Amino acid sequence: MIRALAISAWFQTVIFVRLRQAMFFTIVFPAFLFVVFGFIFGTPGDTEYYLFLMTGVAGATALSDGLFAVGPVVREFYNNGFIGYVRQMPHPSAHVGGLFLSRYIVLFVVVLLLMLISLLFFGATPTPEATLRLLLAIAVGFTAFSIIGLAISFIGDRMDNGKGFGNVLYFVVIFTSPAFYPIDLINPTVARFGDFLPLTPILHFARNEAVNWWPLIVWGAVSLPVYLYSLKTRQIKR
Amino acid sequence: MFTPINFLIATATIVVLMLLHETAHYVSARMMNLRVIDFGLKMRGAVPYPFVEVGWTPNARKRLIYLMAGVATTASLFSLSLITSASWLIPGIYLGFAGQLVLETNPVFSDFVILQGMNSGKGKSDNDRMFTGPWYVHFALWVLLIVLLLSPRFLPGLLFAGA
Amino acid sequence: MSSPVITLTELAFRVEDRDILRGVNLSIERGETFALLGSNGAGKSTLLSMISGNQRPTEGEAIVFGQAPKTDSRVSILSDVVPLFPMLKVKEIIQYFDAFYGRAPNANNELVEVLELGTIFNKLFRTLSKGQRKRVGLYLALASKPELLIMDEPTSDLDPLIREQIWKRLLNDPDMTVLFTTHDWEEARAYADRLTFIHDGALLTQPATPQALLTSPEGIGARKLVIPTTAADEGMIADLRHVRLEDEYHIFADGRTEELVSRLSRVTLNFSVLDSTLQDAYQYLIKTKTA
């Protein structure tokens with residue numbers, strides 16, 4: 001089982017590296033955002049801002065990967081017959097497990113890359129504790145966002161608009177959360193709305209601020225049964 | 001630099017620069033006797049933008065001049081604005097020039113992308129060319145341009161001390 | 001004799017108000033090569049997916065190796081379309097599944113040779129043709145040395161030489177039970193120990209050897225006469241076993257070829273005498289059973 005999981009994660013990572021578009025949006029685009037925002041809005045020496053921005057970019061990446069990189073892939077596993085094909089084989093769950101594992105690895109690489117940029121361009125380094133917090137926040141966030149993404153993908157499969165809804169959710173969450181700017185100071189009303197969306201608690205946790213976990217728990221608690229129910233009742237496509 | 005009034009001036013500057021950009025395409029096409037099929041305003045989503053459309057020419061030099069006329073005009077005007085001090089006396093104008101230059105050189109839908117498309121031969125779509133080595137070079141240079149034009153550590157820092 | 005590998009009892013499958021399978025009874029013995037033949041939409045693939053455990057019957061039961069079908073390392077399944085990772089190379093896909101089966105990461109040389117995989121080892125799966133994908137699927141299905149191999153159209157899209165090699169060198173293991181469907185009925189005639197026909201969700205006949213299906217008392221005989229419909233009217237041949245296929249009558253001679261030839265030559269010389277095929281037997285059974 002461990003070998004199957006490791007091999008699956010390894011080859012899922014190989015597949016990811018071969019998908020030029022996925023590489024861009026998961027690795028290069030976050031680095032681009034960090035560099036551009038850091039240079040334009042940052043002041044040399046203002047370590048607090050650079051670390052704020054780094055956690056925001058990492059959180060946004062976990063959100064987009066969770067919403068768009070897991071749900072659609074798993075749905076495709078079902079629709080193209082892959083799940084049916086591997087169900088007779090040993091360790092069928094390791095295929096999806098490997099997919100998750102490879103995404104954690106990729107996201108950790110993204111965080112390391114952001115830390116490197118932060119050090120090289122802005123001279124800002126998070127403490128080991130802050131780094132650990134960020135990695136943990138990304139892992140928890142990605143897991144929760146993936147469950148939401150799975151629910152959206154499988155419902156969307158029936159209604160043919162899962163992608164549209166995912167996109168709207170993504171942008172609403174990004175713009176109402178304190179990912180790239182202190183939304184609390186700019187527009188407290190929008191910030192209160194963003195507090196109900198799943199990214200905000202992840203960012204607060206990563207930044208060692210007071211966290212209200214409830215919105216995230218509610219989102220997960222609603223999405224998981226929706227996903228499992230859609231899975232159970234989905235029609236076999238022929 | 002990033003104040004509401006400056007953003008307003010920048011937006012007005014960008015509108016003027018877009019019109020001049022397309023005018024440069026139009027004038028260059030007429031000077032080289034290229035057939036102008038259409039010009040005017042189009043909508044991209046809810047945003048109107050000016051455009052010029054010319055007939056295909058097999059002459060690579062004419063294609064280059066026609067396609068680069070727009071960005072060359074913007075760049076020249078930008079230089080002029082720096083020399084005549086318009087840019088550094090009114091940060092909004094500078095911001096407009098910077099925004100327009102960033103738009104005109106972007107690696108997704110700018111004139112440079114069209115130029116690469118024409119020079120990379122048949123059978124390749126824009127999607128095929130995206131995320132390849134040469135595309136990443138373009139992307140990296142573009143990021144560099146953004147930083148140089150908009151980061152207070154570089155050009156704006158020199159022009160607007162204390163901005 | 002040991003118990004059958006597969007036993008289906010009064011198996012039925014209904015989706016909404018439509019019967020996909022009806023009252024299927026079938027048993028397949030260890031080591032048999034068994035073909036399931038029928039036209040498109042007859043229920044072949046659904047029947048295979050019941051036996052594979054991918055779908056459950058709405059009535060009756062399927063028993064495989066003495067229990068309801070479930071994940072079992074003794075069973076390999078090759079579906080019509082092989083859904084593997086488009087962005088992995090063939091050799092990587094093989095490594096991937098070797099790890100899942102806990103096999104040593106060494107390619108099985110005989111399989112590689114017969115399936116001619118050497119030339120496509122370094123190709124991405126998405127760039128392969130349908131036939132090449134099938135060959136990779138066959139490799140994976142056979143590499144686990146299954147006791148039961150279930151295959152939906154295993155050799156479609158393969159060229160005849162490879163197909164023959166596959167049957168003679170890879171699928172001839174006397175301990176392996178093979179259940180397959182095919183569009184090429186001559187292939188079933190050549191390689192199946194027994195076969196049966198399925199039409200409209202029900203079996204048309206008891207399983208039998210290809211030869212017996214043609215020559216049994218219920219069968220159509222080894223030879224047939226084919227006449228264009230323009231050269232004879234159906235009343236003339238109403239007493240003879242026959243079917244109409246598009247614009248031809250196929251008349252089954254049933255051991256009386258000479259007699260029929262002389263009878264028909266009084267009316268027309270526009271006919272030919274041919275060997276009967278499984279397709280003929282299928283069409284004739286449909287006609288008699290659904291009449």
# chains A, B, ... in the order shown; residues from 1 in each chain; ligands from 1

call {"tool": "closest_atom_pairs", "arguments": {"of": "chain A", "to": "chain C", "cutoff": "8 Å", "atoms": "only C-alpha atoms", "output": "CSV"}}
result
residue,atom,partner,partner_atom,distance
A:Met1,CA,C:Phe100,CA,7.5
A:Arg3,CA,C:Ala99,CA,6.4
A:Ala4,CA,C:Phe100,CA,4.9
A:Ile7,CA,C:Tyr96,CA,6.2
A:Ser8,CA,C:Tyr96,CA,6.8
A:Phe11,CA,C:Tyr96,CA,7.5
A:Val14,CA,C:Leu88,CA,7.8
A:Ile15,CA,C:Met87,CA,5.6
A:Arg18,CA,C:Met87,CA,7.0
A:Leu19,CA,C:Met87,CA,7.9
A:Asn80,CA,C:Pro83,CA,6.1
A:Gly81,CA,C:Pro83,CA,5.9
A:Phe82,CA,C:Pro83,CA,5.1
A:Gly84,CA,C:Asn54,CA,6.5
A:Tyr85,CA,C:Pro83,CA,7.3
A:Arg87,CA,C:Thr71,CA,6.7
A:Gln88,CA,C:Thr71,CA,4.4
A:Met89,CA,C:Thr71,CA,6.5
A:Pro90,CA,C:Phe100,CA,6.2
A:His91,CA,C:Phe100,CA,6.7

call {"tool": "interface_residues", "arguments": {"of": "chain A", "to": "chain B", "cutoff": "8 Å", "atoms": "only C-alpha atoms", "output": "ChimeraX atom specification"}}
result
/A:20-21,24,32,36,39-41

call {"tool": "select_by_dssp", "arguments": {"residues": "stretch 37-207 of chain C", "states": "helix (DSSP H, G or I)", "output": "number ranges by chain"}}
result
C: 44-52, 90-101, 109-114, 118-120, 125-127, 130-143, 160-170, 185-191

call {"tool": "residues_around", "arguments": {"residues": "A:Ala144", "least_positions_apart": "5", "cutoff": "12 Å", "atoms": "only C-alpha atoms", "output": "MDAnalysis selection string"}}
result
chainID A and resid 59 62:67 70:71 100 137:139 149:151 197:199 201:202 213 215:224

call {"tool": "closest_residue", "arguments": {"among": "C:Met151, C:Leu138, C:Leu179, C:Val90", "to": "C:Lys123", "atoms": "only C-alpha atoms"}}
result
C:Val90

call {"tool": "residues_around", "arguments": {"residues": "A:Glu48", "least_positions_apart": "4", "cutoff": "9 Å", "atoms": "only C-alpha atoms", "output": "PyMOL selection string"}}
result
chain A and resi 52-53+124

call {"tool": "residues_around", "arguments": {"residues": "A:Arg75", "least_positions_apart": "2", "cutoff": "12 Å", "atoms": "only C-alpha atoms", "output": "PyMOL selection string"}}
result
chain A and resi 68-73+77-83+96+149-158+162+227+230-231+234+237

call {"tool": "write_last_selection", "arguments": {"atoms": "N, CA and C atoms", "output": "CSV table (one decimal), in the first residue's frame"}}
result
chain,number,residue,atom,x,y,z
A,68,PHE,N,-9.7,23.6,-8.4
A,68,PHE,CA,-9.6,23.3,-9.9
A,68,PHE,C,-8.7,22.1,-10.2
A,69,ALA,N,-7.8,21.7,-9.3
A,69,ALA,CA,-6.9,20.6,-9.7
A,69,ALA,C,-7.2,19.2,-9.2
A,70,VAL,N,-8.2,19.1,-8.2
A,70,VAL,CA,-8.5,17.8,-7.7
A,70,VAL,C,-9.9,17.4,-8.2
A,71,GLY,N,-10.9,18.2,-7.9
A,71,GLY,CA,-12.2,17.8,-8.3
A,71,GLY,C,-12.4,17.4,-9.8
A,72,PRO,N,-12.0,18.3,-10.7
A,72,PRO,CA,-12.1,17.9,-12.1
A,72,PRO,C,-11.3,16.6,-12.5
A,73,VAL,N,-10.1,16.4,-11.8
A,73,VAL,CA,-9.3,15.3,-12.2
A,73,VAL,C,-10.1,14.0,-11.7
A,77,PHE,N,-11.6,10.9,-13.7
A,77,PHE,CA,-11.3,9.4,-13.3
A,77,PHE,C,-12.5,8.6,-13.4
A,78,TYR,N,-13.7,9.2,-13.0
A,78,TYR,CA,-14.9,8.4,-13.0
A,78,TYR,C,-15.5,8.4,-14.4
A,79,ASN,N,-15.5,9.6,-15.1
A,79,ASN,CA,-16.2,9.7,-16.4
A,79,ASN,C,-15.5,8.9,-17.5
A,80,ASN,N,-14.1,8.8,-17.4
A,80,ASN,CA,-13.4,8.1,-18.5
A,80,ASN,C,-13.3,6.6,-18.2
A,81,GLY,N,-13.8,6.2,-17.1
A,81,GLY,CA,-13.8,4.7,-16.8
A,81,GLY,C,-12.6,4.3,-16.0
A,82,PHE,N,-11.7,5.2,-15.6
A,82,PHE,CA,-10.5,4.8,-14.9
A,82,PHE,C,-10.8,4.2,-13.6
A,83,ILE,N,-11.7,4.8,-12.8
A,83,ILE,CA,-12.1,4.2,-11.5
A,83,ILE,C,-12.6,2.8,-11.7
A,96,VAL,N,-6.3,7.9,-6.0
A,96,VAL,CA,-6.8,9.3,-5.6
A,96,VAL,C,-5.9,9.8,-4.4
A,149,GLY,N,-14.2,21.6,-3.9
A,149,GLY,CA,-14.0,21.5,-5.3
A,149,GLY,C,-14.6,20.2,-5.9
A,150,LEU,N,-14.5,19.1,-5.1
A,150,LEU,CA,-15.1,17.8,-5.5
A,150,LEU,C,-16.6,17.9,-5.5
A,151,ALA,N,-17.2,18.6,-4.5
A,151,ALA,CA,-18.6,18.8,-4.5
A,151,ALA,C,-19.1,19.6,-5.7
A,152,ILE,N,-18.4,20.7,-6.0
A,152,ILE,CA,-18.7,21.5,-7.1
A,152,ILE,C,-18.6,20.7,-8.4
A,153,SER,N,-17.5,20.0,-8.6
A,153,SER,CA,-17.3,19.2,-9.8
A,153,SER,C,-18.4,18.2,-10.1
A,154,PHE,N,-18.7,17.5,-9.0
A,154,PHE,CA,-19.7,16.4,-9.2
A,154,PHE,C,-21.1,16.9,-9.4
A,155,ILE,N,-21.4,18.0,-8.7
A,155,ILE,CA,-22.8,18.7,-8.9
A,155,ILE,C,-22.7,19.3,-10.3
A,156,GLY,N,-21.6,20.0,-10.6
A,156,GLY,CA,-21.5,20.7,-11.9
A,156,GLY,C,-21.6,19.7,-13.0
A,157,ASP,N,-21.2,18.5,-12.8
A,157,ASP,CA,-21.3,17.4,-13.9
A,157,ASP,C,-22.7,17.2,-14.3
A,158,ARG,N,-23.6,17.4,-13.3
A,158,ARG,CA,-25.0,17.2,-13.7
A,158,ARG,C,-25.6,18.5,-14.3
A,162,GLY,N,-20.3,23.5,-13.5
A,162,GLY,CA,-19.5,23.4,-12.3
A,162,GLY,C,-18.3,24.4,-12.4
A,227,TYR,N,-20.7,15.9,-2.0
A,227,TYR,CA,-19.8,15.2,-2.9
A,227,TYR,C,-20.2,13.7,-2.8
A,230,SER,N,-23.5,12.9,-4.4
A,230,SER,CA,-23.5,13.0,-5.9
A,230,SER,C,-22.8,11.8,-6.5
A,231,LEU,N,-21.7,11.4,-5.8
A,231,LEU,CA,-20.9,10.2,-6.2
A,231,LEU,C,-21.8,8.9,-6.3
A,234,ARG,N,-24.7,9.2,-9.0
A,234,ARG,CA,-24.4,9.6,-10.3
A,234,ARG,C,-24.8,8.5,-11.3
A,237,LYS,N,-22.2,7.1,-17.2
A,237,LYS,CA,-22.3,7.7,-18.5
A,237,LYS,C,-21.9,6.6,-19.6

call {"tool": "residues_around", "arguments": {"residues": "stretch 80-84 of chain B", "least_positions_apart": "5", "cutoff": "10 Å", "atoms": "only C-alpha atoms", "output": "list in words"}}
result
Thr74, Ala75, Leu89, Ile93, Tyr94, Phe97 and Leu159 of chain B

call {"tool": "write_last_selection", "arguments": {"atoms": "C-alpha atoms", "output": "PDB file, in the first residue's frame"}}
result
ATOM      1  CA  THR B  74       3.614  54.659 -27.235  1.00  0.00           C
ATOM      2  CA  ALA B  75       7.276  54.172 -26.316  1.00  0.00           C
ATOM      3  CA  LEU B  89       5.199  66.515 -12.888  1.00  0.00           C
ATOM      4  CA  ILE B  93       0.237  60.582 -16.768  1.00  0.00           C
ATOM      5  CA  TYR B  94       3.263  58.474 -15.884  1.00  0.00           C
ATOM      6  CA  PHE B  97       2.027  55.413 -19.849  1.00  0.00           C
ATOM      7  CA  LEU B 159      10.905  60.488 -10.731  1.00  0.00           C
TER       8      LEU B 159
END

call {"tool": "select_by_dssp", "arguments": {"residues": "stretch 56-259 of chain C", "states": "strand (DSSP E)", "output": "ChimeraX atom specification"}}
result
/C:59-64,75-78,148-152,177-181,194-199,202-203,223-228,242-245,248-252

call {"tool": "atom_distance", "arguments": {"atom1": "atom CA of C:Arg244", "atom2": "atom CA of C:Ala188"}}
result
23.3 Å

call {"tool": "atom_distance", "arguments": {"atom1": "atom CA of C:Phe121", "atom2": "atom CA of C:His183"}}
result
28.3 Å

call {"tool": "residues_around", "arguments": {"residues": "A:Arg133", "least_positions_apart": "4", "cutoff": "8 Å", "atoms": "only C-alpha atoms", "output": "mmCIF file with N, CA, C and O atoms, in the first residue's frame"}}
result
data_model
loop_
_atom_site.group_PDB
_atom_site.id
_atom_site.type_symbol
_atom_site.label_atom_id
_atom_site.label_comp_id
_atom_site.auth_asym_id
_atom_site.auth_seq_id
_atom_site.Cartn_x
_atom_site.Cartn_y
_atom_site.Cartn_z
ATOM 1 N N GLU A 129 8.761 28.830 13.122
ATOM 2 C CA GLU A 129 7.380 28.618 13.587
ATOM 3 C C GLU A 129 6.383 29.129 12.560
ATOM 4 O O GLU A 129 5.400 28.462 12.245
ATOM 5 N N ALA A 137 -1.204 25.447 7.429
ATOM 6 C CA ALA A 137 -2.391 26.156 6.931
ATOM 7 C C ALA A 137 -2.680 25.755 5.495
ATOM 8 O O ALA A 137 -3.834 25.517 5.121
ATOM 9 N N PHE A 205 -4.945 31.869 10.375
ATOM 10 C CA PHE A 205 -4.116 30.862 11.065
ATOM 11 C C PHE A 205 -2.660 30.993 10.625
ATOM 12 O O PHE A 205 -1.747 30.989 11.445
ATOM 13 N N ALA A 206 -2.449 31.112 9.293
ATOM 14 C CA ALA A 206 -1.082 31.212 8.783
ATOM 15 C C ALA A 206 -0.376 32.431 9.349
ATOM 16 O O ALA A 206 0.833 32.424 9.560
ATOM 17 N N ARG A 207 -1.144 33.499 9.620
ATOM 18 C CA ARG A 207 -0.537 34.753 10.097
ATOM 19 C C ARG A 207 -0.536 34.855 11.617
ATOM 20 O O ARG A 207 -0.260 35.927 12.165
ATOM 21 N N ASN A 208 -0.910 33.767 12.264
ATOM 22 C CA ASN A 208 -0.924 33.737 13.728
ATOM 23 C C ASN A 208 -1.840 34.818 14.303
ATOM 24 O O ASN A 208 -1.511 35.497 15.278
#

call {"tool": "decode", "arguments": {"residues": "stretch 136-153 of chain B", "atoms": "N, CA, C and O atoms", "output": "PDB file, in the first residue's frame"}}
result
ATOM      1  N   TYR B 136       8.279  31.868 -22.101  1.00  0.00           N
ATOM      2  CA  TYR B 136       8.709  32.221 -20.746  1.00  0.00           C
ATOM      3  C   TYR B 136       9.737  33.353 -20.763  1.00  0.00           C
ATOM      4  O   TYR B 136       9.785  34.172 -19.837  1.00  0.00           O
ATOM      5  N   VAL B 137      10.574  33.414 -21.828  1.00  0.00           N
ATOM      6  CA  VAL B 137      11.524  34.531 -21.943  1.00  0.00           C
ATOM      7  C   VAL B 137      10.732  35.831 -22.062  1.00  0.00           C
ATOM      8  O   VAL B 137      11.002  36.818 -21.369  1.00  0.00           O
ATOM      9  N   HIS B 138       9.727  35.816 -22.950  1.00  0.00           N
ATOM     10  CA  HIS B 138       8.853  36.974 -23.119  1.00  0.00           C
ATOM     11  C   HIS B 138       8.201  37.337 -21.775  1.00  0.00           C
ATOM     12  O   HIS B 138       8.213  38.488 -21.353  1.00  0.00           O
ATOM     13  N   PHE B 139       7.683  36.326 -21.110  1.00  0.00           N
ATOM     14  CA  PHE B 139       7.000  36.536 -19.829  1.00  0.00           C
ATOM     15  C   PHE B 139       7.952  37.174 -18.801  1.00  0.00           C
ATOM     16  O   PHE B 139       7.598  38.145 -18.129  1.00  0.00           O
ATOM     17  N   ALA B 140       9.187  36.644 -18.731  1.00  0.00           N
ATOM     18  CA  ALA B 140      10.154  37.138 -17.749  1.00  0.00           C
ATOM     19  C   ALA B 140      10.510  38.605 -18.045  1.00  0.00           C
ATOM     20  O   ALA B 140      10.589  39.433 -17.125  1.00  0.00           O
ATOM     21  N   LEU B 141      10.703  38.930 -19.338  1.00  0.00           N
ATOM     22  CA  LEU B 141      11.021  40.310 -19.704  1.00  0.00           C
ATOM     23  C   LEU B 141       9.854  41.236 -19.349  1.00  0.00           C
ATOM     24  O   LEU B 141      10.055  42.368 -18.901  1.00  0.00           O
ATOM     25  N   TRP B 142       8.663  40.713 -19.535  1.00  0.00           N
ATOM     26  CA  TRP B 142       7.468  41.511 -19.227  1.00  0.00           C
ATOM     27  C   TRP B 142       7.384  41.807 -17.729  1.00  0.00           C
ATOM     28  O   TRP B 142       7.080  42.931 -17.321  1.00  0.00           O
ATOM     29  N   VAL B 143       7.669  40.780 -16.920  1.00  0.00           N
ATOM     30  CA  VAL B 143       7.668  40.970 -15.463  1.00  0.00           C
ATOM     31  C   VAL B 143       8.708  42.019 -15.084  1.00  0.00           C
ATOM     32  O   VAL B 143       8.455  42.919 -14.269  1.00  0.00           O
ATOM     33  N   LEU B 144       9.872  41.932 -15.719  1.00  0.00           N
ATOM     34  CA  LEU B 144      10.945  42.897 -15.472  1.00  0.00           C
ATOM     35  C   LEU B 144      10.455  44.309 -15.801  1.00  0.00           C
ATOM     36  O   LEU B 144      10.663  45.258 -15.027  1.00  0.00           O
ATOM     37  N   LEU B 145       9.770  44.452 -16.934  1.00  0.00           N
ATOM     38  CA  LEU B 145       9.244  45.755 -17.354  1.00  0.00           C
ATOM     39  C   LEU B 145       8.253  46.298 -16.315  1.00  0.00           C
ATOM     40  O   LEU B 145       8.310  47.474 -15.942  1.00  0.00           O
ATOM     41  N   ILE B 146       7.362  45.432 -15.845  1.00  0.00           N
ATOM     42  CA  ILE B 146       6.377  45.854 -14.842  1.00  0.00           C
ATOM     43  C   ILE B 146       7.090  46.400 -13.609  1.00  0.00           C
ATOM     44  O   ILE B 146       6.774  47.484 -13.104  1.00  0.00           O
ATOM     45  N   VAL B 147       8.084  45.635 -13.154  1.00  0.00           N
ATOM     46  CA  VAL B 147       8.789  46.028 -11.937  1.00  0.00           C
ATOM     47  C   VAL B 147       9.529  47.348 -12.161  1.00  0.00           C
ATOM     48  O   VAL B 147       9.444  48.271 -11.341  1.00  0.00           O
ATOM     49  N   LEU B 148      10.231  47.466 -13.297  1.00  0.00           N
ATOM     50  CA  LEU B 148      10.998  48.688 -13.567  1.00  0.00           C
ATOM     51  C   LEU B 148      10.081  49.909 -13.676  1.00  0.00           C
ATOM     52  O   LEU B 148      10.405  50.981 -13.189  1.00  0.00           O
ATOM     53  N   LEU B 149       8.916  49.720 -14.312  1.00  0.00           N
ATOM     54  CA  LEU B 149       8.023  50.866 -14.534  1.00  0.00           C
ATOM     55  C   LEU B 149       7.203  51.228 -13.304  1.00  0.00           C
ATOM     56  O   LEU B 149       6.819  52.374 -13.146  1.00  0.00           O
ATOM     57  N   LEU B 150       6.906  50.223 -12.454  1.00  0.00           N
ATOM     58  CA  LEU B 150       5.928  50.498 -11.400  1.00  0.00           C
ATOM     59  C   LEU B 150       6.467  50.403  -9.975  1.00  0.00           C
ATOM     60  O   LEU B 150       5.806  50.844  -9.041  1.00  0.00           O
ATOM     61  N   SER B 151       7.644  49.783  -9.791  1.00  0.00           N
ATOM     62  CA  SER B 151       8.151  49.659  -8.422  1.00  0.00           C
ATOM     63  C   SER B 151       8.800  50.953  -7.976  1.00  0.00           C
ATOM     64  O   SER B 151       9.642  51.505  -8.680  1.00  0.00           O
ATOM     65  N   PRO B 152       8.452  51.438  -6.772  1.00  0.00           N
ATOM     66  CA  PRO B 152       9.068  52.675  -6.259  1.00  0.00           C
ATOM     67  C   PRO B 152      10.585  52.553  -6.129  1.00  0.00           C
ATOM     68  O   PRO B 152      11.282  53.555  -6.012  1.00  0.00           O
ATOM     69  N   ARG B 153      11.094  51.287  -6.170  1.00  0.00           N
ATOM     70  CA  ARG B 153      12.547  51.146  -6.067  1.00  0.00           C
ATOM     71  C   ARG B 153      13.242  51.513  -7.379  1.00  0.00           C
ATOM     72  O   ARG B 153      14.453  51.648  -7.409  1.00  0.00           O
TER      73      ARG B 153
END
